[in-house]
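A short write-up of the structure that comes next.
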Amino acid sequence: MKRHPGISSRRLGTAGRVVIMCLSLGPLLAHAQRAPGGGYDRPQGGGGPSVSIPLQWLFNRPEGGSEARPKPPDPRPKPDAESLLKYGPQFPVSLSAGSFTVEGFMQGGWPFVIDVAPRPDSCTWLALSAGEKTYPSIMLDADGRAGRHVIKVPLPDEIGPSPQPGQYAVYSVQRACTSAAGGDRQTARPFSPIAIYGIGGGPRAVGSVAVNNLQFGPSAPRFPQESASIGYSTIRDFGRGTEEILRFEVTAPDQVSVQLVGATPHDPLQKGTHSGSWDGKDGGGARVPGVYRLQVRVWDTLNDEKSWAGAISPDSVHIVKQ
């Protein structure tokens with residue numbers, strides 16, 4: 001990933017690679033190329049499979065389909081504080097429609113922020129847990145009528161006065177909310193697909209979302225004569241940050257895989273507007289047909305401040321087979 005002068009960069013190894021997914025991937029599929037199964041690298045020594053996402057998880061489930069579960073199974077062990085400080089917030093290796101889980105630091109009274117687009121006539125909640133403890137669910141959106149918007153809510157005081165590793169599970173179910181409390185106690189309903197463009201926790205994560213205005217394009221650069229432009233803004237200084245290029249591939253009639261193909265870390269990542277370019281090549285120097293999007297993650301490592309955030313570009317870059 002090439003950078004403009006004055007912005008330092010270096011290649012990030014396999015450690016610490018994670019994915020934020022926008023769960024509404026319909027436009028991507030029209031352009032995705034069939035290719036052998038991919039996946040993204042896990043932290044070194046972590047093992048585990050590639051990301052492979054059945055399409056029926058990403059789009060409308062028929063009425064009476066699988067019921068919403070705010071905490072889908074994850075084969076990985078939960079990251080500890082040291083891992084979160086080193087690699088940043090961890091996002092799921094598999095996703096179900098309407099459900100998105102992040103492992104990151106949390107603290108009682110912290111603000112939580114999400115840039116989200118729920119479906120109309122849906123009910124969207126935030127479920128929280130740390131260790132073996134669970135906390136009251138928070139209603140994020142009652143009916144989905146607002147379309148894409150930024151939501152900010154405080155975390156429950158019961159979480160405690162110090163940052164600790166925990167799990168944020170955002171989930172959306174069919175039909176509007178009937179109550180502002182007890183989301184995890186409502187009658188189970190089928191998932192409602194939801195698009196998440198940005199998410200964060202902690203004082204430094206909010207404003208809008210700490211990383212915003214992601215731009216990635218044009219949609220079809222003439223590689224190698226052209227490059228894809230990268231742009232985004234950060235509203236705070238962060239101790240660590242990374243720019244990541246994600247590839248989406250249709251690997252079977254009912255599956256999409258997501259692979260991290262390149263990353264540029266910044267230690268620190270300063271407040272302001274950032275720009276750069278991408279030559280279309282993956283880590284092996286090849287230009288592989290597919291649909292690509294830009295992701296940016298930021299996090300802090302200080303003892304008393306462990307805010308984190310991440311965002312994904314609404315626009316995508318397409319590489320077609322020559």
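Labels for the structure tokens follow display order: chains A, B, ..., residues from 1 in each chain, ligands from 1.
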
Mind dumping a table of every segment 201-267 of chain A residue within 12 Å of segment 142-162 of chain A, with the nearest atom pair and its distance in Å to one decimal, using only C-alpha atoms, sorted by chain and rising number, as a Markdown table?
| residue | atom | partner | partner_atom | distance |
| --- | --- | --- | --- | --- |
| A:Gly201 | CA | A:Leu155 | CA | 9.0 |
| A:Gly202 | CA | A:Leu155 | CA | 9.3 |
| A:Pro203 | CA | A:Pro154 | CA | 10.2 |
| A:Ala205 | CA | A:Lys152 | CA | 10.3 |
| A:Val206 | CA | A:Lys152 | CA | 7.7 |
| A:Gly207 | CA | A:Lys152 | CA | 8.9 |
| A:Ser208 | CA | A:Val150 | CA | 6.6 |
| A:Val209 | CA | A:Val150 | CA | 7.8 |
| A:Ala210 | CA | A:Val150 | CA | 11.6 |
| A:Asn212 | CA | A:Val150 | CA | 11.0 |

Same residues, all heavy atoms, saved as a PDB file, in the first residue's frame:
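The resulting part.pdb:
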ATOM      1  N   GLY A 201     -15.502   1.955  21.046  1.00  0.00           N
ATOM      2  CA  GLY A 201     -15.793   2.045  22.461  1.00  0.00           C
ATOM      3  C   GLY A 201     -14.732   2.852  23.189  1.00  0.00           C
ATOM      4  O   GLY A 201     -13.542   2.764  22.866  1.00  0.00           O
ATOM      5  N   GLY A 202     -15.157   3.672  24.151  1.00  0.00           N
ATOM      6  CA  GLY A 202     -14.227   4.467  24.935  1.00  0.00           C
ATOM      7  C   GLY A 202     -14.301   5.936  24.592  1.00  0.00           C
ATOM      8  O   GLY A 202     -14.779   6.321  23.524  1.00  0.00           O
ATOM      9  N   PRO A 203     -13.793   6.809  25.492  1.00  0.00           N
ATOM     10  CA  PRO A 203     -13.913   8.255  25.305  1.00  0.00           C
ATOM     11  C   PRO A 203     -13.306   8.776  24.014  1.00  0.00           C
ATOM     12  O   PRO A 203     -13.794   9.748  23.438  1.00  0.00           O
ATOM     13  CB  PRO A 203     -13.177   8.827  26.533  1.00  0.00           C
ATOM     14  CG  PRO A 203     -13.232   7.742  27.544  1.00  0.00           C
ATOM     15  CD  PRO A 203     -13.173   6.455  26.776  1.00  0.00           C
ATOM     16  N   ALA A 205     -13.144   7.183  21.191  1.00  0.00           N
ATOM     17  CA  ALA A 205     -13.736   6.564  20.008  1.00  0.00           C
ATOM     18  C   ALA A 205     -14.897   7.363  19.447  1.00  0.00           C
ATOM     19  O   ALA A 205     -15.313   7.136  18.314  1.00  0.00           O
ATOM     20  CB  ALA A 205     -14.225   5.161  20.350  1.00  0.00           C
ATOM     21  N   VAL A 206     -15.450   8.285  20.247  1.00  0.00           N
ATOM     22  CA  VAL A 206     -16.685   8.947  19.850  1.00  0.00           C
ATOM     23  C   VAL A 206     -16.433  10.368  19.358  1.00  0.00           C
ATOM     24  O   VAL A 206     -15.367  10.921  19.492  1.00  0.00           O
ATOM     25  CB  VAL A 206     -17.700   8.959  21.012  1.00  0.00           C
ATOM     26  CG1 VAL A 206     -18.002   7.557  21.473  1.00  0.00           C
ATOM     27  CG2 VAL A 206     -17.189   9.799  22.176  1.00  0.00           C
ATOM     28  N   GLY A 207     -17.464  10.922  18.823  1.00  0.00           N
ATOM     29  CA  GLY A 207     -17.519  12.215  18.167  1.00  0.00           C
ATOM     30  C   GLY A 207     -18.558  11.961  17.103  1.00  0.00           C
ATOM     31  O   GLY A 207     -19.737  12.227  17.252  1.00  0.00           O
ATOM     32  N   SER A 208     -18.126  11.319  16.047  1.00  0.00           N
ATOM     33  CA  SER A 208     -19.011  10.548  15.179  1.00  0.00           C
ATOM     34  C   SER A 208     -18.569   9.110  15.437  1.00  0.00           C
ATOM     35  O   SER A 208     -18.987   8.487  16.381  1.00  0.00           O
ATOM     36  CB  SER A 208     -18.853  10.972  13.720  1.00  0.00           C
ATOM     37  OG  SER A 208     -17.498  11.007  13.340  1.00  0.00           O
ATOM     38  N   VAL A 209     -17.676   8.585  14.609  1.00  0.00           N
ATOM     39  CA  VAL A 209     -16.838   7.445  14.969  1.00  0.00           C
ATOM     40  C   VAL A 209     -15.428   7.963  14.816  1.00  0.00           C
ATOM     41  O   VAL A 209     -15.157   8.796  13.947  1.00  0.00           O
ATOM     42  CB  VAL A 209     -17.096   6.233  14.049  1.00  0.00           C
ATOM     43  CG1 VAL A 209     -16.143   5.090  14.367  1.00  0.00           C
ATOM     44  CG2 VAL A 209     -18.539   5.749  14.198  1.00  0.00           C
ATOM     45  N   ALA A 210     -14.485   7.510  15.643  1.00  0.00           N
ATOM     46  CA  ALA A 210     -13.133   8.082  15.645  1.00  0.00           C
ATOM     47  C   ALA A 210     -12.480   8.036  14.276  1.00  0.00           C
ATOM     48  O   ALA A 210     -11.663   8.884  13.938  1.00  0.00           O
ATOM     49  CB  ALA A 210     -12.265   7.351  16.663  1.00  0.00           C
ATOM     50  N   ASN A 212     -13.550   8.035  10.254  1.00  0.00           N
ATOM     51  CA  ASN A 212     -14.734   8.268   9.430  1.00  0.00           C
ATOM     52  C   ASN A 212     -14.348   8.792   8.052  1.00  0.00           C
ATOM     53  O   ASN A 212     -13.170   8.962   7.742  1.00  0.00           O
ATOM     54  CB  ASN A 212     -15.690   9.244  10.134  1.00  0.00           C
ATOM     55  CG  ASN A 212     -15.013  10.543  10.522  1.00  0.00           C
ATOM     56  OD1 ASN A 212     -14.484  11.248   9.681  1.00  0.00           O
ATOM     57  ND2 ASN A 212     -15.022  10.857  11.820  1.00  0.00           N
TER      58      ASN A 212
END

**Request:** Just the residues within 12 Å of Met139 of chain A, please, counting only C-alpha atoms, with nothing from its chain fewer than 2 positions along; format it as an MDAnalysis selection string.
**Result:** chainID A and resid 122:128 136:137 141:144 151:155 169:173 176:184 186

**Item:** Distance query segment 233-242 of chain A at most 10 Å, only C-alpha atoms, self and fewer than 3 positions along chain excluded, as an NGL selection string
**Value:** :A and (9 or 12 or 16-17 or 85-88 or 204-215 or 263-275 or 295-302 or 306-310)

**Message:** For the strand (DSSP E) assignment from backbone DSSP, which residues of segment 246-311 of chain A qualify? Please present them as a PyMOL selection string.
**Reply:** chain A and resi 246-252+255-266+272-278+290-299+308-311
